[in-house]
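Text of upload.txt (compact mmCIF, C-alpha atoms) as supplied:
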# COMPACT_ATOMS: atom_id res chain seq x y z
CA MET A 1093 43.31 9.18 37.28
CA GLN A 1094 43.79 9.37 33.53
CA TRP A 1095 41.12 7.48 31.62
CA GLN A 1096 42.82 6.37 28.42
CA GLY A 1097 44.42 3.49 26.59
CA VAL A 1098 43.90 -0.25 26.87
CA VAL A 1099 42.45 -1.26 30.24
CA PRO A 1100 41.83 -4.98 30.71
CA ALA A 1101 38.61 -6.20 32.25
CA ILE A 1102 40.67 -8.76 34.11
CA THR A 1103 39.38 -12.30 34.43
CA THR A 1104 39.19 -13.92 37.86
CA PRO A 1105 41.31 -17.10 37.99
CA PHE A 1106 40.11 -20.10 39.93
CA ARG A 1107 41.88 -23.10 41.40
CA GLU A 1108 40.51 -26.61 40.90
CA ASN A 1109 38.25 -26.17 43.93
CA LEU A 1110 36.99 -22.89 42.41
CA THR A 1111 38.49 -20.64 45.06
CA VAL A 1112 40.20 -17.53 43.71
CA ASP A 1113 43.82 -18.08 42.68
CA HIS A 1114 45.34 -14.89 44.05
CA ALA A 1115 48.92 -15.78 43.12
CA PHE A 1116 48.00 -16.12 39.48
CA LEU A 1117 45.77 -13.03 39.62
CA ALA A 1118 48.74 -10.94 40.74
CA LYS A 1119 50.99 -12.45 38.05
CA HIS A 1120 48.34 -11.85 35.38
CA ALA A 1121 47.81 -8.21 36.35
CA CYS A 1122 51.55 -7.55 36.23
CA TRP A 1123 51.93 -9.35 32.87
CA MET A 1124 49.34 -7.11 31.23
CA THR A 1125 50.78 -4.01 32.87
CA ASP A 1126 54.24 -4.91 31.59
CA ALA A 1127 52.77 -5.23 28.08
CA GLY A 1128 51.68 -1.59 28.12
CA CYS A 1129 48.13 -1.67 29.45
CA SER A 1130 47.19 1.56 31.21
CA GLY A 1131 45.05 0.19 34.04
CA ILE A 1132 43.16 -2.82 35.38
CA VAL A 1133 39.41 -3.18 35.87
CA ALA A 1134 38.51 -5.95 38.31
CA LEU A 1135 35.16 -7.58 39.18
CA GLY A 1136 33.36 -6.79 35.93
CA SER A 1137 31.22 -9.09 33.82
CA LEU A 1138 34.30 -10.80 32.42
CA GLY A 1139 35.67 -11.02 35.96
CA GLU A 1140 32.61 -13.04 36.98
CA GLY A 1141 31.88 -10.49 39.68
CA ALA A 1142 28.33 -11.75 40.11
CA THR A 1143 29.66 -15.12 41.30
CA LEU A 1144 31.92 -13.65 43.99
CA HIS A 1145 30.71 -12.91 47.49
CA PHE A 1146 31.55 -9.55 49.04
CA ASP A 1147 34.68 -10.63 50.91
CA GLU A 1148 36.06 -12.27 47.76
CA LYS A 1149 35.53 -9.06 45.82
CA VAL A 1150 37.47 -7.12 48.41
CA GLN A 1151 40.29 -9.67 48.31
CA VAL A 1152 40.47 -9.52 44.50
CA LEU A 1153 40.79 -5.74 44.60
CA GLU A 1154 43.44 -5.95 47.31
CA THR A 1155 45.48 -8.42 45.27
CA CYS A 1156 45.34 -6.26 42.14
CA VAL A 1157 46.32 -3.08 44.01
CA GLU A 1158 49.24 -4.81 45.74
CA ALA A 1159 50.38 -6.42 42.48
CA VAL A 1160 50.62 -3.35 40.26
CA GLY A 1161 51.38 -0.81 42.97
CA LYS A 1162 51.42 2.72 41.59
CA ARG A 1163 52.36 1.68 38.06
CA VAL A 1164 48.78 1.74 36.76
CA PRO A 1165 45.41 2.49 38.34
CA VAL A 1166 43.14 -0.28 39.55
CA VAL A 1167 39.45 0.30 38.92
CA ALA A 1168 36.75 -1.56 40.84
CA ALA A 1169 33.67 -2.58 38.88
CA VAL A 1170 30.77 -1.93 41.24
CA SER A 1171 27.51 -3.78 40.95
CA ALA A 1172 25.30 -5.59 43.41
CA LEU A 1173 21.73 -6.66 44.01
CA SER A 1174 21.15 -3.63 46.22
CA THR A 1175 22.26 -0.03 46.19
CA ALA A 1176 23.47 -0.36 49.78
CA GLU A 1177 25.86 -3.19 48.91
CA ALA A 1178 27.12 -1.34 45.83
CA VAL A 1179 27.92 1.69 47.97
CA GLN A 1180 29.63 -0.55 50.52
CA LEU A 1181 31.85 -2.01 47.79
CA ALA A 1182 32.70 1.46 46.48
CA LEU A 1183 33.79 2.53 49.96
CA ALA A 1184 35.88 -0.63 50.36
CA ALA A 1185 37.56 0.01 46.99
CA GLU A 1186 38.51 3.50 48.10
CA GLN A 1187 39.97 2.22 51.37
CA LEU A 1188 42.01 -0.43 49.55
CA GLY A 1189 43.67 2.13 47.31
CA CYS A 1190 41.76 1.74 44.06
CA SER A 1191 42.00 4.75 41.78
CA GLY A 1192 38.56 4.59 40.23
CA LEU A 1193 35.18 2.93 40.01
CA MET A 1194 33.34 1.48 37.04
CA VAL A 1195 29.70 1.94 38.03
CA LEU A 1196 27.20 -0.63 36.77
CA PRO A 1197 23.44 -0.82 37.11
CA PRO A 1198 22.21 -3.32 39.72
CA TYR A 1199 22.15 -7.02 38.99
CA VAL A 1200 18.76 -8.42 37.92
CA TYR A 1201 16.60 -5.33 38.49
CA SER A 1202 16.05 -2.97 35.58
CA THR A 1203 13.51 -0.20 35.59
CA ASP A 1204 13.03 3.46 34.66
CA TRP A 1205 15.55 6.30 34.53
CA ARG A 1206 14.51 7.75 37.91
CA GLU A 1207 15.43 4.56 39.78
CA MET A 1208 18.52 3.72 37.74
CA LYS A 1209 19.79 7.28 38.09
CA ALA A 1210 19.31 7.12 41.85
CA HIS A 1211 21.27 3.87 42.03
CA VAL A 1212 24.33 4.93 40.03
CA ALA A 1213 24.31 8.41 41.59
CA ALA A 1214 24.50 6.87 45.06
CA VAL A 1215 27.62 4.96 44.05
CA ILE A 1216 29.25 7.91 42.27
CA ARG A 1217 28.81 10.26 45.22
CA ALA A 1218 29.82 7.65 47.85
CA THR A 1219 33.53 8.35 47.36
CA ARG A 1220 35.88 10.89 45.85
CA LEU A 1221 37.16 8.34 43.37
CA SER A 1222 37.07 9.02 39.65
CA CYS A 1223 34.12 7.18 38.11
CA MET A 1224 33.25 5.55 34.82
CA LEU A 1225 29.62 4.75 33.94
CA TYR A 1226 29.17 1.36 32.30
CA ASN A 1227 26.44 1.22 29.67
CA ASN A 1228 25.65 -2.32 28.58
CA PRO A 1229 21.94 -2.63 27.81
CA ILE A 1230 22.39 -6.09 26.27
CA ALA A 1231 23.71 -7.66 29.47
CA TYR A 1232 22.03 -5.51 32.12
CA ARG A 1233 18.77 -4.45 30.38
CA THR A 1234 19.39 -0.83 31.38
CA ASP A 1235 20.27 1.60 28.63
CA PHE A 1236 21.84 4.89 29.67
CA LEU A 1237 20.97 7.23 26.82
CA PRO A 1238 23.34 10.04 25.80
CA GLU A 1239 21.03 12.68 27.26
CA GLN A 1240 20.88 10.81 30.57
CA ILE A 1241 24.65 10.47 30.65
CA ALA A 1242 24.92 14.22 30.09
CA GLU A 1243 22.55 14.76 33.01
CA LEU A 1244 24.73 12.65 35.29
CA ALA A 1245 27.86 14.44 34.13
CA SER A 1246 26.33 17.81 34.95
CA GLU A 1247 25.53 16.69 38.51
CA HIS A 1248 28.68 14.71 39.42
CA GLU A 1249 32.10 16.24 39.00
CA ASN A 1250 33.82 12.91 39.64
CA LEU A 1251 32.08 11.19 36.71
CA HIS A 1252 34.92 11.23 34.19
CA ALA A 1253 34.32 8.40 31.71
CA VAL A 1254 31.82 6.13 29.99
CA LYS A 1255 32.27 2.54 28.88
CA GLU A 1256 29.94 2.25 25.91
CA SER A 1257 28.87 -1.34 25.18
CA SER A 1258 25.54 -0.86 23.46
CA THR A 1259 27.20 -2.05 20.19
CA ASP A 1260 25.83 1.10 18.50
CA ILE A 1261 28.92 3.03 17.48
CA ARG A 1262 26.76 6.13 16.97
CA ARG A 1263 26.50 6.41 20.74
CA VAL A 1264 30.14 7.52 20.88
CA THR A 1265 29.50 10.41 18.51
CA ALA A 1266 26.18 11.24 20.20
CA ILE A 1267 27.80 11.54 23.63
CA ARG A 1268 30.68 13.51 22.16
CA SER A 1269 28.27 15.94 20.47
CA LEU A 1270 26.51 16.60 23.79
CA LEU A 1271 29.53 16.75 26.08
CA GLY A 1272 32.58 17.42 23.93
CA ARG A 1273 35.56 16.09 25.89
CA ARG A 1274 33.91 16.37 29.30
CA LEU A 1275 33.91 12.54 29.51
CA ALA A 1276 36.50 10.07 28.27
CA LEU A 1277 34.74 7.57 26.03
CA PHE A 1278 35.79 3.93 26.06
CA VAL A 1279 34.84 1.11 23.73
CA GLY A 1280 33.53 -1.85 25.69
CA VAL A 1281 33.03 -4.32 22.83
CA ASP A 1282 36.21 -5.84 21.44
CA ASP A 1283 35.22 -6.06 17.79
CA LEU A 1284 34.25 -2.38 17.64
CA ILE A 1285 37.60 -1.00 18.75
CA VAL A 1286 38.74 0.30 15.35
CA GLU A 1287 35.40 1.97 14.65
CA GLY A 1288 35.26 3.32 18.20
CA ILE A 1289 38.63 5.03 17.94
CA ALA A 1290 37.61 6.52 14.60
CA ALA A 1291 34.46 7.89 16.26
CA GLY A 1292 36.40 9.54 19.07
CA ALA A 1293 36.93 6.93 21.79
CA VAL A 1294 40.14 7.39 23.79
CA GLY A 1295 40.18 4.05 25.55
CA TRP A 1296 39.26 0.38 25.40
CA ILE A 1297 37.99 -1.77 28.26
CA ALA A 1298 39.24 -4.94 26.62
CA GLY A 1299 38.56 -8.65 26.91
CA LEU A 1300 40.96 -10.59 24.65
CA VAL A 1301 43.77 -8.53 26.16
CA ASN A 1302 43.71 -11.09 28.97
CA ALA A 1303 45.36 -13.54 26.57
CA LEU A 1304 46.99 -11.19 24.06
CA PRO A 1305 48.04 -7.97 25.79
CA SER A 1306 50.89 -6.96 23.48
CA GLU A 1307 48.73 -7.40 20.40
CA SER A 1308 45.85 -5.51 22.01
CA VAL A 1309 48.04 -2.53 22.89
CA ALA A 1310 49.58 -2.55 19.40
CA LEU A 1311 46.15 -2.65 17.74
CA PHE A 1312 44.92 0.24 19.87
CA HIS A 1313 47.90 2.31 18.83
CA GLY A 1314 47.34 1.68 15.14
CA ALA A 1315 49.25 -1.48 14.26
CA ASP A 1316 47.94 -3.34 11.22
CA LEU A 1317 46.56 -6.29 13.18
CA TYR A 1318 42.80 -5.95 12.76
CA ASP A 1319 42.26 -8.58 10.06
CA TRP A 1320 44.25 -11.13 12.05
CA PHE A 1321 42.71 -10.21 15.41
CA LEU A 1322 39.05 -9.89 14.38
CA PRO A 1323 38.02 -13.58 14.63
CA LEU A 1324 39.31 -13.58 18.21
CA LEU A 1325 37.80 -10.20 19.07
CA ARG A 1326 34.39 -11.54 18.05
CA LEU A 1327 34.62 -14.08 20.89
CA ASP A 1328 33.95 -11.15 23.24
CA THR A 1329 30.49 -10.51 21.78
CA VAL A 1330 28.57 -13.72 22.54
CA PRO A 1331 26.87 -14.98 25.73
CA LYS A 1332 29.71 -17.38 26.60
CA PHE A 1333 32.41 -14.75 26.18
CA VAL A 1334 33.86 -15.50 29.63
CA GLN A 1335 34.41 -19.17 28.82
CA LEU A 1336 35.81 -18.30 25.40
CA ILE A 1337 38.28 -15.68 26.60
CA LYS A 1338 39.49 -17.94 29.39
CA LEU A 1339 39.92 -20.70 26.81
CA VAL A 1340 42.15 -18.38 24.75
CA GLN A 1341 44.15 -17.67 27.91
CA GLN A 1342 44.61 -21.39 28.43
CA GLU A 1343 45.70 -21.87 24.82
CA VAL A 1344 48.41 -19.20 25.11
CA GLY A 1345 49.57 -20.66 28.43
CA MET A 1346 48.42 -17.78 30.58
CA GLY A 1347 45.48 -19.00 32.60
CA SER A 1348 42.88 -21.71 32.93
CA GLU A 1349 39.47 -22.11 31.35
CA ARG A 1350 37.92 -22.78 34.77
CA VAL A 1351 34.77 -20.74 35.47
CA ARG A 1352 32.28 -20.65 38.32
CA PRO A 1353 28.76 -22.02 37.93
CA PRO A 1354 26.28 -21.28 36.58
CA ARG A 1355 28.90 -21.03 33.84
CA LEU A 1356 30.46 -24.32 32.76
CA ILE A 1357 33.53 -24.85 30.62
CA LEU A 1358 32.82 -25.45 26.96
CA GLU A 1359 32.62 -29.01 25.72
CA GLY A 1360 31.80 -31.06 22.67
CA ALA A 1361 31.26 -29.50 19.26
CA GLU A 1362 30.98 -26.03 20.77
CA ARG A 1363 34.43 -26.27 22.30
CA GLU A 1364 35.98 -27.78 19.20
CA ALA A 1365 34.59 -25.00 17.02
CA ALA A 1366 36.03 -22.39 19.36
CA LEU A 1367 39.41 -24.13 19.43
CA ARG A 1368 39.56 -24.16 15.64
CA VAL A 1369 39.15 -20.39 15.58
CA ILE A 1370 41.62 -19.85 18.40
CA ARG A 1371 44.31 -22.24 17.15
CA SER A 1372 44.07 -20.97 13.58
CA ALA A 1373 44.69 -17.43 14.82
CA LEU A 1374 47.55 -18.46 17.09
CA GLN A 1375 49.23 -20.43 14.33
CA ASN A 1376 49.28 -17.24 12.27
CA ARG A 1377 50.10 -14.95 15.18
CA PRO A 1378 52.12 -11.95 14.01
CA ARG A 1379 55.64 -11.71 15.31
CA SER A 1380 56.28 -9.01 17.90
Written as structure tokens, that's how I'd like the structure from this file.
Amino acid sequence: MQWQGVVPAITTPFRENLTVDHAFLAKHACWMTDAGCSGIVALGSLGEGATLHFDEKVQVLETCVEAVGKRVPVVAAVSALSTAEAVQLALAAEQLGCSGLMVLPPYVYSTDWREMKAHVAAVIRATRLSCMLYNNPIAYRTDFLPEQIAELASEHENLHAVKESSTDIRRVTAIRSLLGRRLALFVGVDDLIVEGIAAGAVGWIAGLVNALPSESVALFHGADLYDWFLPLLRLDTVPKFVQLIKLVQQEVGMGSERVRPPRLILEGAEREAALRVIRSALQNRPRS
């Protein structure tokens, strides 16, 4: 698959009883594809993958693959409590017709490079699918350093991309200096997209795209939208980013703010403050 462009980390929609709303999931994936997104990543942090049991994860991937067909690749975010379950999910993704894997460190457990390398290597070599390594030391407490990423790239031909979410834009240039264009580098933090492209990133695993796909694609391709978009992009960088992005979806009429516990929907002053930011931006939304 080609790793490039704006690839949504798609949210997982829930019905009132908190089961997955597959009809809306399919509609949502197609809507973003129609807007010019170049792929879909399902089951990531924004997709609340940690709250889904294994069968639900498989069903989410199946829905996304069936919805977009061959128009764009579907990438399965792979993380689990154990290496064995992560490998099992990778194999299921391959069987369902996914085009790639986004490989995360394990939930909860974080340790030294020897153990983390063994975990992600087991997932990468489990299938022939093209793989992206996800580096997010803030959320997962595992930091894949540029030299370690280069080591993985030298040992796994099907490692083709990195989602860099350390918030240190120098990581993009550091990886590029070690590996040239061996790996496609993606920005994984919404409010660093302009800087990331300037540093050499070729793609964006995006969050606010779930509510504003046309604007996200336009921004990626150089449209003068950054000043308008920035207050919304910053919603992707705080602990309650899932609730906030789903709230933006609800405000634009494309989704619900429902989340699965332990997350709870925003309320009170916190919710009102978020709505002020969101509604101010939407009132001044640039015309297409």
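Our summary of the geometry notes that CA of Phe1312 (chain A) is positioned 11.1 Å from CA of Ile1297 (chain A).
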Notebook entry, point to check: Any idea what's packed within 10 Å of region 1255-1262 of chain A, counting only C-alpha atoms, ignoring anything in its chain fewer than 3 positions away? Could you give it as a PyMOL selection string?
Noted result: chain A and resi 1194-1196+1224-1231+1235-1237+1265-1268+1276-1285+1287-1291+1293+1295-1297+1329
Note to self: Taking 6 positions as the minimum chain separation for residues in the same chain, which residues sit within 6 Å of region 1098-1108 of chain A when counting all atoms listed in the file? Answer as an MDAnalysis selection string.
What the structure shows: chainID A and resid 1129:1134 1138:1139 1295:1299
Checklist line | Spatial neighbours of Asp1319 (chain A), 12 Å, all atoms listed in the file, chain gap at least 5 places, as a PyMOL selection string | finding: chain A and resi 1283+1286+1311+1324-1326+1373+1376-1378
Checklist line | Of the listed residues A:Leu1317, A:Leu1181, A:Ala1127, A:Leu1188, that which approaches Phe1146 (chain A) most closely, counting only C-alpha atoms | finding: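 Looking only at the distances to Phe1146 (chain A), the closest residue turns out to be A:Leu1181.
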Notebook entry, point to check: Using only C-alpha atoms, which of the listed residues (A:Pro1331, A:Gly1292, A:Gly1141, A:Pro1305) sits closest to Ala1168 (chain A)?
Noted result: A:Gly1141
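For the atom pair formed by CA of Val1334 (chain A) and CA of Ala1182 (chain A), the distance is 23.9 Å, given to one decimal.
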With only C-alpha atoms as the counted atoms, please give the residues lying no more than 12 Å from Arg1371 (chain A), apart from itself and same-chain residues fewer than 2 positions off, as an mmCIF file with C-alpha atoms, keeping the file's coordinate frame.
data_model
loop_
_atom_site.group_PDB
_atom_site.id
_atom_site.type_symbol
_atom_site.label_atom_id
_atom_site.label_comp_id
_atom_site.auth_asym_id
_atom_site.auth_seq_id
_atom_site.Cartn_x
_atom_site.Cartn_y
_atom_site.Cartn_z
ATOM 1 C CA PRO A 1323 38.020 -13.580 14.630
ATOM 2 C CA LEU A 1324 39.310 -13.580 18.210
ATOM 3 C CA LEU A 1339 39.920 -20.700 26.810
ATOM 4 C CA VAL A 1340 42.150 -18.380 24.750
ATOM 5 C CA GLN A 1341 44.150 -17.670 27.910
ATOM 6 C CA GLN A 1342 44.610 -21.390 28.430
ATOM 7 C CA GLU A 1343 45.700 -21.870 24.820
ATOM 8 C CA VAL A 1344 48.410 -19.200 25.110
ATOM 9 C CA ARG A 1363 34.430 -26.270 22.300
ATOM 10 C CA GLU A 1364 35.980 -27.780 19.200
ATOM 11 C CA ALA A 1365 34.590 -25.000 17.020
ATOM 12 C CA ALA A 1366 36.030 -22.390 19.360
ATOM 13 C CA LEU A 1367 39.410 -24.130 19.430
ATOM 14 C CA ARG A 1368 39.560 -24.160 15.640
ATOM 15 C CA VAL A 1369 39.150 -20.390 15.580
ATOM 16 C CA ALA A 1373 44.690 -17.430 14.820
ATOM 17 C CA LEU A 1374 47.550 -18.460 17.090
ATOM 18 C CA GLN A 1375 49.230 -20.430 14.330
ATOM 19 C CA ASN A 1376 49.280 -17.240 12.270
ATOM 20 C CA ARG A 1377 50.100 -14.950 15.180
#
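Counting from CA of Ala1178 (chain A), the distance to CA of Ala1253 (chain A) is 18.6 Å.
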Next item on the list: Can you work out which one of A:Leu1144, A:Val1301, A:Val1254, A:Ala1159 has the shortest atom-to-atom distance to Phe1116 (chain A), counting all atoms listed in the file?
Entry: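 The closest residue to Phe1116 (chain A) is A:Ala1159.
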Next item on the list: Compare A:Ala1176, A:Val1351, A:Ala1185, A:Cys1122 by their minimum atom-to-atom distance to Val1152 (chain A), counting only C-alpha atoms, and give me the closest one.
Entry: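 The shortest atom-to-atom distance to Val1152 (chain A) comes from A:Ala1185.
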Check: So, counting all atoms listed in the file, which residue among A:Val1157, A:Ala1172, A:Leu1110, A:Val1212 is closest to Glu1349 (chain A)?
Finding: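 Of the candidates, the smallest distance to Glu1349 (chain A) is held by A:Leu1110.
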I'd like the neighbourhood of His1145 (chain A) as a short mmCIF file (atom, residue, chain, number, x, y, z; two decimals) with C-alpha atoms, keeping the file's coordinate frame, where a residue qualifies if any of its atoms comes within 12 Å (using all atoms listed in the file), though same-chain residues fewer than 4 positions away should be ignored.
data_model
loop_
_atom_site.label_atom_id
_atom_site.label_comp_id
_atom_site.auth_asym_id
_atom_site.auth_seq_id
_atom_site.Cartn_x
_atom_site.Cartn_y
_atom_site.Cartn_z
CA THR A 1111 38.49 -20.64 45.06
CA VAL A 1112 40.20 -17.53 43.71
CA LEU A 1135 35.16 -7.58 39.18
CA GLU A 1140 32.61 -13.04 36.98
CA GLY A 1141 31.88 -10.49 39.68
CA LYS A 1149 35.53 -9.06 45.82
CA VAL A 1150 37.47 -7.12 48.41
CA GLN A 1151 40.29 -9.67 48.31
CA VAL A 1152 40.47 -9.52 44.50
CA SER A 1171 27.51 -3.78 40.95
CA ALA A 1172 25.30 -5.59 43.41
CA LEU A 1173 21.73 -6.66 44.01
CA GLU A 1177 25.86 -3.19 48.91
CA LEU A 1181 31.85 -2.01 47.79
#
Next item on the list: Could you tell me which of A:Leu1221, A:Leu1300, A:Cys1156, A:Ala1210 comes closest to Glu1186 (chain A) if we count only C-alpha atoms?
Entry: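 For Glu1186 (chain A), the nearest of the given residues is A:Leu1221.
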